[in-house]
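Student: Pasting protein.cif here (mmCIF, C-alpha atoms and all ligand atoms):
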data_upload
loop_
_atom_site.label_atom_id
_atom_site.label_comp_id
_atom_site.auth_asym_id
_atom_site.auth_seq_id
_atom_site.Cartn_x
_atom_site.Cartn_y
_atom_site.Cartn_z
CA MET A 1 -12.44 -11.39 45.09
CA ALA A 2 -10.20 -13.72 43.07
CA PRO A 3 -11.58 -14.53 39.60
CA ASP A 4 -13.46 -17.81 39.46
CA ILE A 5 -11.09 -20.03 37.46
CA ASP A 6 -12.40 -23.43 36.49
CA ILE A 7 -9.38 -25.58 37.42
CA ASN A 8 -10.71 -28.56 35.45
CA GLN A 9 -11.13 -26.48 32.30
CA GLU A 10 -7.64 -24.95 32.63
CA TYR A 11 -6.22 -28.45 33.09
CA GLY A 12 -8.13 -29.78 30.06
CA LYS A 13 -6.92 -26.82 28.04
CA MET A 14 -3.23 -26.88 28.88
CA PHE A 15 -2.42 -30.53 29.66
CA PRO A 16 -2.82 -31.93 26.08
CA VAL A 17 -0.96 -28.93 24.64
CA ILE A 18 2.00 -29.51 26.97
CA ILE A 19 2.11 -33.24 26.09
CA ASN A 20 1.84 -32.30 22.40
CA PHE A 21 4.76 -29.87 22.83
CA ILE A 22 6.93 -32.56 24.46
CA MET A 23 6.07 -34.99 21.64
CA SER A 24 6.94 -32.29 19.06
CA VAL A 25 10.39 -31.74 20.56
CA THR A 26 10.94 -35.53 20.63
CA VAL A 27 9.88 -35.96 17.00
CA TYR A 28 12.29 -33.18 16.01
CA PHE A 29 15.24 -35.16 17.41
CA ILE A 30 14.04 -38.41 15.84
CA THR A 31 13.45 -36.84 12.39
CA VAL A 32 16.76 -34.97 12.42
CA ARG A 33 18.54 -38.33 12.76
CA LEU A 34 16.23 -40.25 10.43
CA ILE A 35 16.68 -37.99 7.37
CA PRO A 36 20.44 -38.60 6.78
CA SER A 37 20.01 -42.33 7.34
CA LEU A 38 17.48 -42.52 4.48
CA LYS A 39 19.37 -40.38 1.93
CA GLU A 40 21.05 -43.28 0.13
CA LYS A 41 17.77 -45.19 -0.12
CA PHE A 42 16.14 -42.24 -1.90
CA ILE A 43 19.00 -41.98 -4.40
CA LYS A 44 18.80 -45.75 -5.04
CA ALA A 45 15.08 -45.36 -5.71
CA ASN A 46 15.93 -42.68 -8.32
CA LEU A 47 14.46 -39.95 -6.14
CA PHE A 48 17.08 -37.26 -6.51
CA GLY A 49 17.64 -33.88 -8.14
CA ILE A 50 20.64 -31.83 -9.17
CA ASP A 51 21.20 -28.55 -7.33
CA MET A 52 21.13 -26.02 -10.16
CA SER A 53 22.91 -23.39 -8.08
CA LYS A 54 26.10 -25.31 -7.34
CA THR A 55 29.22 -26.06 -9.36
CA THR A 56 29.04 -29.77 -8.55
CA SER A 57 26.40 -32.03 -10.03
CA ASP A 58 26.04 -34.41 -7.09
CA LYS A 59 22.79 -36.28 -6.67
CA VAL A 60 20.71 -34.63 -3.95
CA PRO A 61 17.95 -36.88 -2.51
CA GLU A 62 14.54 -35.38 -3.39
CA SER A 63 11.05 -35.65 -1.80
CA LEU A 64 12.27 -35.92 1.79
CA GLY A 65 8.95 -34.27 2.61
CA VAL A 66 7.49 -37.76 2.62
CA VAL A 67 9.70 -38.69 5.60
CA VAL A 68 8.71 -35.66 7.69
CA GLY A 69 5.08 -36.12 6.64
CA CYS A 70 5.20 -39.69 7.98
CA THR A 71 6.89 -38.77 11.27
CA PHE A 72 4.26 -36.02 11.64
CA LEU A 73 1.39 -38.47 11.06
CA ILE A 74 2.85 -41.06 13.46
CA THR A 75 3.18 -38.35 16.15
CA MET A 76 -0.45 -37.36 15.59
CA PHE A 77 -1.66 -40.98 15.79
CA LEU A 78 0.24 -41.52 19.04
CA PHE A 79 -1.17 -38.27 20.38
CA ILE A 80 -4.86 -39.23 19.86
CA PRO A 81 -5.30 -40.91 23.28
CA VAL A 82 -4.13 -37.74 25.06
CA PRO A 83 -7.12 -35.46 24.31
CA PHE A 84 -9.62 -38.32 23.87
CA GLY A 85 -8.28 -41.00 26.25
CA HIS A 86 -10.30 -40.14 29.37
CA ASN A 87 -13.50 -40.03 27.27
CA LEU A 88 -12.78 -43.49 25.88
CA LEU A 89 -13.43 -44.95 29.34
CA ARG A 90 -16.86 -43.30 29.46
CA SER A 91 -18.40 -44.16 26.09
CA LYS A 92 -21.58 -42.14 26.74
CA THR A 93 -19.77 -38.81 26.80
CA PHE A 94 -17.38 -39.58 23.96
CA PRO A 95 -17.14 -36.44 21.75
CA HIS A 96 -17.72 -38.17 18.41
CA ASP A 97 -17.89 -34.92 16.43
CA GLU A 98 -14.52 -33.73 17.82
CA PHE A 99 -13.00 -37.11 17.05
CA VAL A 100 -14.31 -37.18 13.47
CA LYS A 101 -12.92 -33.67 12.97
CA PHE A 102 -9.52 -34.81 14.15
CA ILE A 103 -9.48 -37.98 12.03
CA SER A 104 -10.75 -36.25 8.88
CA ALA A 105 -8.04 -33.58 9.24
CA LEU A 106 -5.44 -36.34 9.38
CA LEU A 107 -7.07 -38.12 6.45
CA SER A 108 -6.88 -35.00 4.27
CA ILE A 109 -3.24 -34.37 5.21
CA CYS A 110 -2.37 -38.04 4.62
CA CYS A 111 -4.15 -38.00 1.25
CA MET A 112 -2.25 -34.86 0.22
CA LEU A 113 1.04 -36.44 1.26
CA LEU A 114 0.29 -39.44 -0.93
CA LEU A 115 -0.73 -37.31 -3.92
CA GLY A 116 2.31 -35.03 -3.44
CA PHE A 117 4.61 -38.03 -3.46
CA ALA A 118 2.86 -39.38 -6.56
CA ASP A 119 3.50 -35.99 -8.17
CA ASP A 120 7.22 -36.17 -7.33
CA VAL A 121 7.52 -39.66 -8.73
CA LEU A 122 5.32 -39.24 -11.81
CA ASP A 123 5.90 -35.51 -12.51
CA VAL A 124 2.23 -34.60 -12.97
CA PRO A 125 1.47 -31.78 -15.47
CA TRP A 126 0.49 -28.36 -14.13
CA ARG A 127 -3.25 -28.43 -14.73
CA HIS A 128 -3.50 -31.80 -12.97
CA LYS A 129 -1.49 -30.45 -10.04
CA LEU A 130 -4.37 -28.09 -9.34
CA LEU A 131 -6.76 -31.04 -9.04
CA LEU A 132 -4.76 -32.94 -6.41
CA PRO A 133 -5.49 -30.64 -3.42
CA THR A 134 -9.16 -30.46 -4.44
CA ILE A 135 -9.39 -34.25 -4.15
CA ALA A 136 -7.46 -34.31 -0.86
CA SER A 137 -9.74 -31.68 0.70
CA LEU A 138 -12.92 -33.70 0.00
CA PRO A 139 -12.87 -35.70 3.30
CA LEU A 140 -12.46 -32.44 5.16
CA LEU A 141 -15.29 -30.68 3.34
CA MET A 142 -17.61 -33.62 3.90
CA VAL A 143 -16.96 -33.60 7.64
CA TYR A 144 -17.47 -29.83 7.61
CA TYR A 145 -20.82 -30.39 5.89
CA VAL A 146 -21.98 -33.09 8.32
CA ASN A 147 -20.61 -31.46 11.49
CA PHE A 148 -20.99 -27.71 11.03
CA ASN A 149 -22.38 -26.71 7.62
CA VAL A 150 -21.99 -23.09 8.72
CA THR A 151 -21.79 -21.13 5.48
CA THR A 152 -22.76 -17.74 6.88
CA ILE A 153 -20.24 -14.94 6.73
CA ILE A 154 -20.23 -11.77 8.82
CA VAL A 155 -20.40 -8.70 6.58
CA PRO A 156 -17.70 -6.02 7.20
CA LYS A 157 -19.11 -2.90 8.89
CA PRO A 158 -18.83 -0.53 5.87
CA LEU A 159 -20.96 -2.89 3.72
CA ARG A 160 -23.66 -3.68 6.30
CA GLU A 161 -25.94 -0.86 5.13
CA TRP A 162 -26.47 -2.76 1.85
CA LEU A 163 -25.90 -6.41 2.76
CA GLY A 164 -27.04 -6.67 6.39
CA LEU A 165 -25.14 -8.18 9.33
CA SER A 166 -24.48 -11.56 7.75
CA ILE A 167 -25.16 -13.50 4.56
CA ASP A 168 -25.39 -17.20 3.87
CA ILE A 169 -23.24 -17.93 0.82
CA GLY A 170 -24.00 -21.69 0.82
CA LEU A 171 -22.15 -23.66 -1.86
CA VAL A 172 -19.80 -20.74 -2.56
CA TYR A 173 -18.35 -21.26 0.93
CA TYR A 174 -17.41 -24.84 0.02
CA ILE A 175 -15.82 -23.66 -3.23
CA TYR A 176 -13.90 -21.07 -1.19
CA MET A 177 -12.63 -23.75 1.24
CA GLY A 178 -11.59 -26.06 -1.61
CA SER A 179 -9.81 -23.17 -3.33
CA LEU A 180 -8.01 -22.34 -0.09
CA ALA A 181 -6.46 -25.83 -0.10
CA VAL A 182 -5.48 -25.47 -3.79
CA PHE A 183 -3.97 -22.05 -3.13
CA CYS A 184 -2.04 -22.91 0.06
CA THR A 185 -0.43 -25.99 -1.49
CA ASN A 186 0.57 -24.48 -4.84
CA ALA A 187 1.55 -21.06 -3.48
CA ILE A 188 4.35 -22.60 -1.39
CA ASN A 189 5.48 -24.78 -4.30
CA ILE A 190 5.96 -21.83 -6.67
CA LEU A 191 7.91 -19.71 -4.16
CA ALA A 192 10.82 -22.14 -4.39
CA GLY A 193 14.16 -22.91 -5.97
CA VAL A 194 16.73 -21.65 -3.48
CA ASN A 195 18.03 -23.82 -0.65
CA GLY A 196 15.87 -23.70 2.47
CA LEU A 197 13.12 -21.48 1.11
CA GLU A 198 10.19 -23.95 0.94
CA VAL A 199 10.70 -25.09 4.53
CA GLY A 200 11.79 -21.67 5.82
CA GLN A 201 8.63 -19.88 4.64
CA SER A 202 6.43 -22.75 5.89
CA ILE A 203 7.97 -22.58 9.37
CA VAL A 204 7.32 -18.81 9.56
CA ILE A 205 3.67 -19.39 8.57
CA ALA A 206 3.30 -22.27 11.08
CA VAL A 207 4.88 -20.29 13.93
CA SER A 208 2.60 -17.32 13.11
CA ILE A 209 -0.48 -19.57 13.22
CA ALA A 210 0.74 -21.11 16.51
CA ILE A 211 1.27 -17.64 18.09
CA PHE A 212 -2.23 -16.65 16.95
CA ASN A 213 -3.62 -19.88 18.48
CA ILE A 214 -1.83 -19.27 21.79
CA ILE A 215 -3.27 -15.73 21.99
CA GLU A 216 -6.76 -17.04 21.20
CA LEU A 217 -6.42 -19.89 23.71
CA TYR A 218 -7.55 -17.30 26.25
CA GLY A 219 -10.67 -16.39 24.25
CA ASN A 220 -14.13 -17.97 23.92
CA LEU A 221 -13.21 -20.10 20.92
CA TRP A 222 -10.25 -21.72 22.70
CA LYS A 223 -11.21 -25.26 21.64
CA ALA A 224 -10.75 -24.50 17.93
CA HIS A 225 -7.35 -22.96 18.64
CA GLN A 226 -6.30 -25.84 20.88
CA PHE A 227 -7.20 -28.17 17.99
CA SER A 228 -5.00 -26.14 15.63
CA LEU A 229 -2.07 -26.17 18.08
CA TYR A 230 -2.22 -29.98 18.20
CA PHE A 231 -1.29 -29.92 14.50
CA MET A 232 1.01 -26.90 14.38
CA LEU A 233 3.47 -27.90 17.11
CA PRO A 234 4.44 -31.32 15.64
CA TYR A 235 4.46 -29.70 12.19
CA ILE A 236 6.98 -27.11 13.42
CA GLY A 237 9.04 -29.91 15.04
CA VAL A 238 9.39 -32.03 11.89
CA SER A 239 9.90 -28.99 9.64
CA PHE A 240 12.80 -27.69 11.73
CA ALA A 241 14.40 -31.12 11.39
CA LEU A 242 14.00 -30.91 7.60
CA LEU A 243 15.32 -27.33 7.51
CA LYS A 244 18.51 -28.45 9.25
CA HIS A 245 19.29 -30.64 6.21
CA ASN A 246 17.73 -28.44 3.55
CA TRP A 247 19.45 -25.20 4.56
CA TYR A 248 22.34 -24.01 2.36
CA PRO A 249 24.16 -26.08 1.14
CA SER A 250 21.19 -28.49 0.88
CA SER A 251 21.98 -32.15 1.45
CA VAL A 252 18.34 -33.04 0.73
CA PHE A 253 15.47 -31.49 -1.28
CA VAL A 254 11.97 -31.32 0.15
CA GLY A 255 10.06 -32.12 -3.07
CA ASP A 256 6.51 -31.16 -3.97
CA THR A 257 5.48 -33.67 -1.30
CA PHE A 258 6.52 -31.25 1.44
CA CYS A 259 4.91 -28.20 -0.22
CA TYR A 260 1.59 -30.03 -0.56
CA PHE A 261 1.77 -31.51 2.93
CA SER A 262 2.45 -28.04 4.41
CA GLY A 263 -0.21 -26.20 2.43
CA MET A 264 -2.83 -28.82 3.30
CA THR A 265 -1.95 -28.73 7.01
CA PHE A 266 -2.42 -24.94 7.04
CA ALA A 267 -5.69 -25.17 5.09
CA VAL A 268 -7.01 -27.89 7.42
CA VAL A 269 -6.40 -25.96 10.64
CA GLY A 270 -7.69 -22.73 9.06
CA ILE A 271 -10.92 -24.36 7.89
CA LEU A 272 -11.68 -26.56 10.90
CA GLY A 273 -10.45 -23.89 13.35
CA HIS A 274 -12.71 -21.29 11.64
CA PHE A 275 -9.87 -18.82 11.03
CA SER A 276 -9.26 -19.26 7.31
CA LYS A 277 -9.13 -15.47 6.67
CA THR A 278 -6.40 -15.09 9.30
CA THR A 279 -4.54 -18.07 7.79
CA LEU A 280 -4.59 -16.31 4.43
CA LEU A 281 -3.19 -13.16 6.06
CA PHE A 282 -0.04 -15.15 6.86
CA PHE A 283 0.36 -15.86 3.13
CA ILE A 284 0.97 -12.24 2.02
CA PRO A 285 4.30 -12.97 0.18
CA GLN A 286 2.75 -16.08 -1.42
CA VAL A 287 -0.33 -14.12 -2.55
CA PHE A 288 1.93 -11.46 -4.07
CA ASN A 289 4.13 -14.10 -5.73
CA PHE A 290 1.07 -15.87 -7.12
CA LEU A 291 -0.43 -12.66 -8.58
CA TYR A 292 2.96 -11.60 -9.96
CA SER A 293 3.51 -15.10 -11.44
CA SER A 294 0.02 -15.46 -12.88
CA PRO A 295 0.87 -14.06 -16.38
CA GLN A 296 3.45 -16.87 -16.69
CA LEU A 297 1.32 -19.50 -14.95
CA PHE A 298 -1.60 -18.78 -17.30
CA LYS A 299 0.76 -18.73 -20.31
CA LEU A 300 0.15 -15.07 -21.26
CA ILE A 301 3.94 -14.70 -21.06
CA PRO A 302 6.16 -17.71 -21.91
CA CYS A 303 7.06 -19.75 -18.81
CA PRO A 304 10.20 -21.92 -18.74
CA ARG A 305 10.12 -25.22 -16.79
CA HIS A 306 12.35 -23.66 -14.10
CA ARG A 307 12.13 -20.03 -13.05
CA LEU A 308 14.62 -20.18 -10.18
CA PRO A 309 17.39 -17.53 -10.19
CA LYS A 310 20.54 -18.09 -12.26
CA PHE A 311 23.70 -19.15 -10.48
CA ASN A 312 26.89 -17.30 -11.40
CA SER A 313 29.76 -19.66 -10.50
CA LYS A 314 32.40 -16.92 -10.94
CA THR A 315 30.90 -14.66 -8.27
CA ASP A 316 29.15 -17.45 -6.26
CA ARG A 317 26.00 -15.32 -6.35
CA MET A 318 22.44 -15.74 -7.56
CA GLU A 319 21.29 -13.49 -10.41
CA VAL A 320 17.92 -12.71 -11.97
CA SER A 321 16.80 -15.49 -14.35
CA ILE A 322 15.36 -14.42 -17.68
CA THR A 323 12.84 -15.47 -20.29
CA VAL A 324 13.23 -14.61 -23.98
CA PHE A 325 10.40 -14.38 -26.53
CA LYS A 326 9.12 -12.56 -29.60
CA TYR A 327 6.98 -9.53 -28.72
CA CYS A 328 4.64 -10.26 -31.63
CA ASP A 329 3.86 -13.73 -30.20
CA LEU A 330 2.09 -12.17 -27.22
CA ASN A 331 -1.66 -11.60 -27.27
CA ILE A 332 -3.16 -8.22 -26.32
CA LEU A 333 -3.54 -9.17 -22.64
CA GLY A 334 0.12 -10.28 -22.44
CA LYS A 335 1.23 -6.96 -24.00
CA LEU A 336 -0.96 -5.00 -21.58
CA ILE A 337 0.47 -6.85 -18.56
CA LEU A 338 4.04 -6.08 -19.73
CA VAL A 339 3.18 -2.36 -19.94
CA VAL A 340 1.57 -2.32 -16.47
CA PHE A 341 4.48 -4.25 -14.88
CA LYS A 342 6.96 -1.88 -16.55
CA ILE A 343 5.16 1.18 -15.21
CA LEU A 344 5.04 -0.37 -11.72
CA ARG A 345 8.79 -1.15 -12.01
CA LEU A 346 8.14 -4.82 -11.36
CA ILE A 347 10.20 -6.07 -14.29
CA GLN A 348 13.49 -5.49 -16.06
CA TRP A 349 13.02 -5.48 -19.80
CA LYS A 350 15.08 -5.16 -22.99
CA GLU A 351 13.84 -5.27 -26.57
CA ASN A 352 15.92 -5.73 -29.69
CA ASP A 353 14.49 -6.40 -33.18
CA GLY A 354 11.22 -7.56 -31.67
CA ILE A 355 12.94 -10.02 -29.28
CA VAL A 356 12.11 -9.32 -25.64
CA VAL A 357 14.36 -10.29 -22.74
CA THR A 358 12.71 -9.98 -19.33
CA ASN A 359 13.07 -11.53 -15.88
CA ASN A 360 10.90 -14.45 -14.77
CA PHE A 361 8.02 -13.08 -12.73
CA THR A 362 8.81 -14.42 -9.25
CA LEU A 363 9.25 -12.69 -5.91
CA ILE A 364 12.76 -14.23 -5.69
CA ASN A 365 13.80 -12.52 -8.93
CA LEU A 366 12.16 -9.27 -7.84
CA VAL A 367 14.24 -9.27 -4.65
CA LEU A 368 17.37 -9.78 -6.80
CA LEU A 369 16.29 -6.94 -9.11
CA TYR A 370 16.19 -4.53 -6.19
CA PHE A 371 19.05 -5.89 -4.02
CA GLY A 372 21.41 -6.90 -6.85
CA PRO A 373 23.05 -10.37 -7.03
CA LEU A 374 23.14 -12.16 -3.65
CA HIS A 375 24.75 -15.28 -2.22
CA GLU A 376 22.18 -18.11 -2.09
CA ALA A 377 22.07 -18.35 1.73
CA LYS A 378 21.68 -14.57 1.99
CA LEU A 379 18.89 -14.59 -0.60
CA THR A 380 16.95 -17.19 1.40
CA THR A 381 17.53 -15.21 4.60
CA VAL A 382 16.22 -11.99 2.99
CA LEU A 383 13.11 -13.81 1.72
CA ILE A 384 12.43 -15.43 5.10
CA LEU A 385 12.86 -12.07 6.86
CA MET A 386 10.31 -10.61 4.45
CA GLN A 387 7.95 -13.43 5.43
CA VAL A 388 8.47 -12.55 9.12
CA LEU A 389 7.78 -8.85 8.45
CA CYS A 390 4.62 -9.78 6.56
CA SER A 391 3.49 -11.92 9.52
CA ILE A 392 3.95 -8.92 11.82
CA LEU A 393 1.86 -6.88 9.36
CA ALA A 394 -0.73 -9.68 9.38
CA PHE A 395 -1.03 -9.45 13.18
CA VAL A 396 -1.47 -5.66 12.91
CA ILE A 397 -4.25 -6.17 10.36
CA ARG A 398 -5.83 -9.00 12.40
CA TYR A 399 -5.88 -7.17 15.72
CA PRO A 400 -5.82 -3.33 15.69
CA PHE A 401 -7.27 -2.98 12.15
CA ALA A 402 -9.97 -5.65 12.37
CA TRP A 403 -11.92 -3.31 14.71
CA VAL A 404 -12.53 -1.06 11.73
CA PHE A 405 -14.35 -3.81 9.83
CA TYR A 406 -15.78 -6.15 12.48
CA ASP A 407 -17.11 -5.97 16.07
CA ILE A 408 -14.49 -8.07 17.83
C1 LIG A 501 8.56 -24.87 -9.05
C2 LIG A 501 8.61 -23.58 -9.88
C3 LIG A 501 9.86 -23.54 -10.77
C4 LIG A 501 11.09 -23.67 -9.86
C5 LIG A 501 10.99 -24.96 -9.05
C6 LIG A 501 12.14 -25.04 -8.06
C7 LIG A 501 6.81 -22.33 -10.92
C8 LIG A 501 5.67 -22.36 -11.85
N1 LIG A 501 7.45 -23.48 -10.74
O1 LIG A 501 8.38 -25.93 -9.99
O2 LIG A 501 9.92 -22.32 -11.46
O3 LIG A 501 12.25 -23.69 -10.66
O4 LIG A 501 9.74 -24.99 -8.30
O5 LIG A 501 11.90 -25.83 -6.96
O6 LIG A 501 7.12 -21.31 -10.36
N2 LIG A 501 16.11 -27.03 -6.96
C9 LIG A 501 17.35 -26.44 -6.79
N3 LIG A 501 17.59 -25.84 -5.59
C10 LIG A 501 16.66 -25.80 -4.57
C11 LIG A 501 15.40 -26.40 -4.78
C12 LIG A 501 15.16 -27.01 -5.99
O7 LIG A 501 18.20 -26.47 -7.66
O8 LIG A 501 16.95 -25.25 -3.52
C13 LIG A 501 15.86 -27.73 -8.24
C14 LIG A 501 16.41 -29.16 -8.20
O9 LIG A 501 16.90 -29.49 -9.47
C15 LIG A 501 15.18 -29.96 -7.87
C16 LIG A 501 14.11 -29.17 -8.60
O10 LIG A 501 14.46 -27.81 -8.47
O11 LIG A 501 15.28 -31.29 -8.33
C17 LIG A 501 12.73 -29.40 -8.00
O12 LIG A 501 11.83 -28.76 -8.78
P1 LIG A 501 10.27 -29.12 -8.70
O13 LIG A 501 9.83 -29.03 -7.28
O14 LIG A 501 10.01 -30.40 -9.40
O15 LIG A 501 9.66 -27.93 -9.53
P2 LIG A 501 8.14 -27.43 -9.55
O16 LIG A 501 7.57 -27.52 -8.19
O17 LIG A 501 7.41 -28.09 -10.64
MG MG A 502 8.35 -28.05 -6.26
#
Rewrite the structure of this file - the entire thing - as structure tokens.
Tutor:
Amino acid sequence: MAPDIDINQEYGKMFPVIINFIMSVTVYFITVRLIPSLKEKFIKANLFGIDMSKTTSDKVPESLGVVVGCTFLITMFLFIPVPFGHNLLRSKTFPHDEFVKFISALLSICCMLLLGFADDVLDVPWRHKLLLPTIASLPLLMVYYVNFNVTTIIVPKPLREWLGLSIDIGLVYYIYMGSLAVFCTNAINILAGVNGLEVGQSIVIAVSIAIFNIIELYGNLWKAHQFSLYFMLPYIGVSFALLKHNWYPSSVFVGDTFCYFSGMTFAVVGILGHFSKTTLLFFIPQVFNFLYSSPQLFKLIPCPRHRLPKFNSKTDRMEVSITVFKYCDLNILGKLILVVFKILRLIQWKENDGIVVTNNFTLINLVLLYFGPLHEAKLTTVLILMQVLCSILAFVIRYPFAWVFYDI
């Protein structure tokens, strides 16, 4: 006998996604044309940067993330009637909780876009930067509290003997969700400095999340994954448009606005779609880069304002950028970290008369340490390919390996 397929459910599942896809393709074409037309306006408004890896010192418009963020939000606003329209006519069955979830997700993303833009304009200091995503995630966390308030986590199989099947971690779960937003936003921002990298890595993460959602669209939790796809497809559309102008040689810079907007969008779908652990799995290079950078971020090792690789105009290649300091200025923890990194062959180091010369601790520099100097476009390509490989690894961990830890 043929399987009993609920035609109405299949229609309700696929129809909004198809419309969303068509709108995403449309917004790509609109954004791709809009960006160049706004370049001069950004320069006039003093929103520009100098490309440190070029011989020219032309003004490159900065913070174009605000344009793609706006076209994304407009697409999402126009899309609202598609999944909710037929319910609007029958007010009794209107899914208020679904609607609030949708609106609060947009509110958090919108709030992050505004704070990211404020950061680009006002150049907020580092410790304040950490606060911005926490503030922007508040609307989301409040809706989570009112709508779900599920703070129970399933314990991995090997630990069940001691902890039981599940534990309610209460407030800690909210701290975890807030931290996820802080991590996702800042992790993208610090893996940056070569043309196309901020957008390139974000597109790989977004496509990975979208593939995961499409696979899960055939599972029991399809609604959560459909919700995530509504956000991911337009995000991919506007980001590809930005990449077209930000790829080597960049004619626009994305700004912190884009990094924050991207990180928040990923955190929002991960939290509200209940797949935050899987979202984090798609951040393997960013997690590594964050851990590797942490001695500099937490000032155990001196951290220059810019850690991007050094451009050699004679060879037209990017080289490892360095930091120079007195060994005796380091505290015991800083000295210990240097020893561990040296043993693990994570750093290049020279010492002369107590003056240490070492590379800046970023994944970009590490790639250059192992591959040797590379052309900027090639360096970005290598880093994006690494992101793709890590996404494949993430799928292997999420599917075949997850059986080891969970009953799924
Ligand atoms: C983060 C990094 C910093 C890196 C910078 C590059 C940390 C702690 N901070 O700082 O090390 O140098 O990003 O984005 O890791 N730029 C280029 N080419 C590019 C992209 C950017 O030359 O492809 C330069 C431009 O001058 C641009 C500036 O970087 O104006 C933007 O830097 P900004 O985003 O303000 O730096 P942060 O995010 O604070
Ligand atoms: Mg930045």
Student: Around ligand LIG 501 (chain A), out to 7 Å and counting all atoms listed in the file, which residues are there? I want them as a ChimeraX atom specification.
Tutor: /A:48-53,62,120,189-196,250,253,255-256,297,305-308
Student: Under the rule that all atoms listed in the file are counted, which of A:Ile109, A:Val324, A:Val207, A:Val287 is the nearest residue to Pro304 (chain A)?
Tutor: A:Val324
Student: Please list as a count of residues only every residue within 9 Å of Val155 (chain A), counting all atoms listed in the file and excluding residues in the same chain fewer than 5 positions away.
Tutor: 8
Student: Can you tell me how far CA of Pro234 (chain A) sits from CA of Ile211 (chain A), in Å to one decimal?
Tutor: 14.3 Å
Student: Contacts of Ile175 (chain A) at 10 Å or less, counting only C-alpha atoms, minus same-chain residues fewer than 5 places along, as a list of chain:residue names?
Tutor: A:Thr134, A:Leu141, A:Gly170, A:Leu180
Student: What's the separation between CA of Val67 (chain A) and CA of Pro83 (chain A), in Å to one decimal place?
Tutor: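 It comes out at 25.4 Å.
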Student: Could you tell me how far CA of Cys184 (chain A) lies from CA of Thr26 (chain A), in Å and to one decimal?
Tutor: 27.4 Å
Student: Counting all atoms listed in the file, what is within 8 Å of region 293-295 of chain A, bar same-chain residues fewer than 2 positions away, as a PyMOL selection string?
Tutor: chain A and resi 289-291+297-301+334+337+361-362
Student: With C-alpha atoms kept, could you save the residues just selected as a compact mmCIF listing (two decimals), in the coordinates of the input?
Tutor:
# COMPACT_ATOMS: atom_id res chain seq x y z
CA ASN A 289 4.13 -14.10 -5.73
CA PHE A 290 1.07 -15.87 -7.12
CA LEU A 291 -0.43 -12.66 -8.58
CA LEU A 297 1.32 -19.50 -14.95
CA PHE A 298 -1.60 -18.78 -17.30
CA LYS A 299 0.76 -18.73 -20.31
CA LEU A 300 0.15 -15.07 -21.26
CA ILE A 301 3.94 -14.70 -21.06
CA GLY A 334 0.12 -10.28 -22.44
CA ILE A 337 0.47 -6.85 -18.56
CA PHE A 361 8.02 -13.08 -12.73
CA THR A 362 8.81 -14.42 -9.25
Student: Limit the output to N, CA, C and O atoms and give region 380-388 of chain A as a tab-separated table (two decimals), in the first residue's frame.
Tutor:
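What ended up in part_16.tsv:
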chain	number	residue	atom	x	y	z
A	380	THR	N	42.57	33.40	0.93
A	380	THR	CA	41.14	33.35	1.28
A	380	THR	C	40.54	32.02	0.81
A	380	THR	O	39.79	31.37	1.55
A	381	THR	N	40.92	31.59	-0.41
A	381	THR	CA	40.38	30.33	-0.94
A	381	THR	C	40.76	29.16	-0.03
A	381	THR	O	39.92	28.31	0.28
A	382	VAL	N	42.04	29.12	0.39
A	382	VAL	CA	42.50	28.03	1.27
A	382	VAL	C	41.68	28.03	2.56
A	382	VAL	O	41.19	26.98	3.02
A	383	LEU	N	41.48	29.22	3.14
A	383	LEU	CA	40.75	29.31	4.41
A	383	LEU	C	39.28	28.90	4.25
A	383	LEU	O	38.71	28.23	5.12
A	384	ILE	N	38.69	29.27	3.11
A	384	ILE	CA	37.28	28.89	2.89
A	384	ILE	C	37.17	27.39	2.64
A	384	ILE	O	36.24	26.74	3.13
A	385	LEU	N	38.16	26.82	1.94
A	385	LEU	CA	38.15	25.37	1.73
A	385	LEU	C	38.27	24.63	3.05
A	385	LEU	O	37.63	23.59	3.27
A	386	MET	N	39.08	25.19	3.96
A	386	MET	CA	39.21	24.58	5.29
A	386	MET	C	37.86	24.60	6.01
A	386	MET	O	37.49	23.65	6.71
A	387	GLN	N	37.14	25.72	5.83
A	387	GLN	CA	35.81	25.85	6.45
A	387	GLN	C	34.87	24.78	5.89
A	387	GLN	O	34.11	24.15	6.64
A	388	VAL	N	34.97	24.54	4.57
A	388	VAL	CA	34.11	23.52	3.94
A	388	VAL	C	34.46	22.13	4.50
A	388	VAL	O	33.56	21.35	4.88
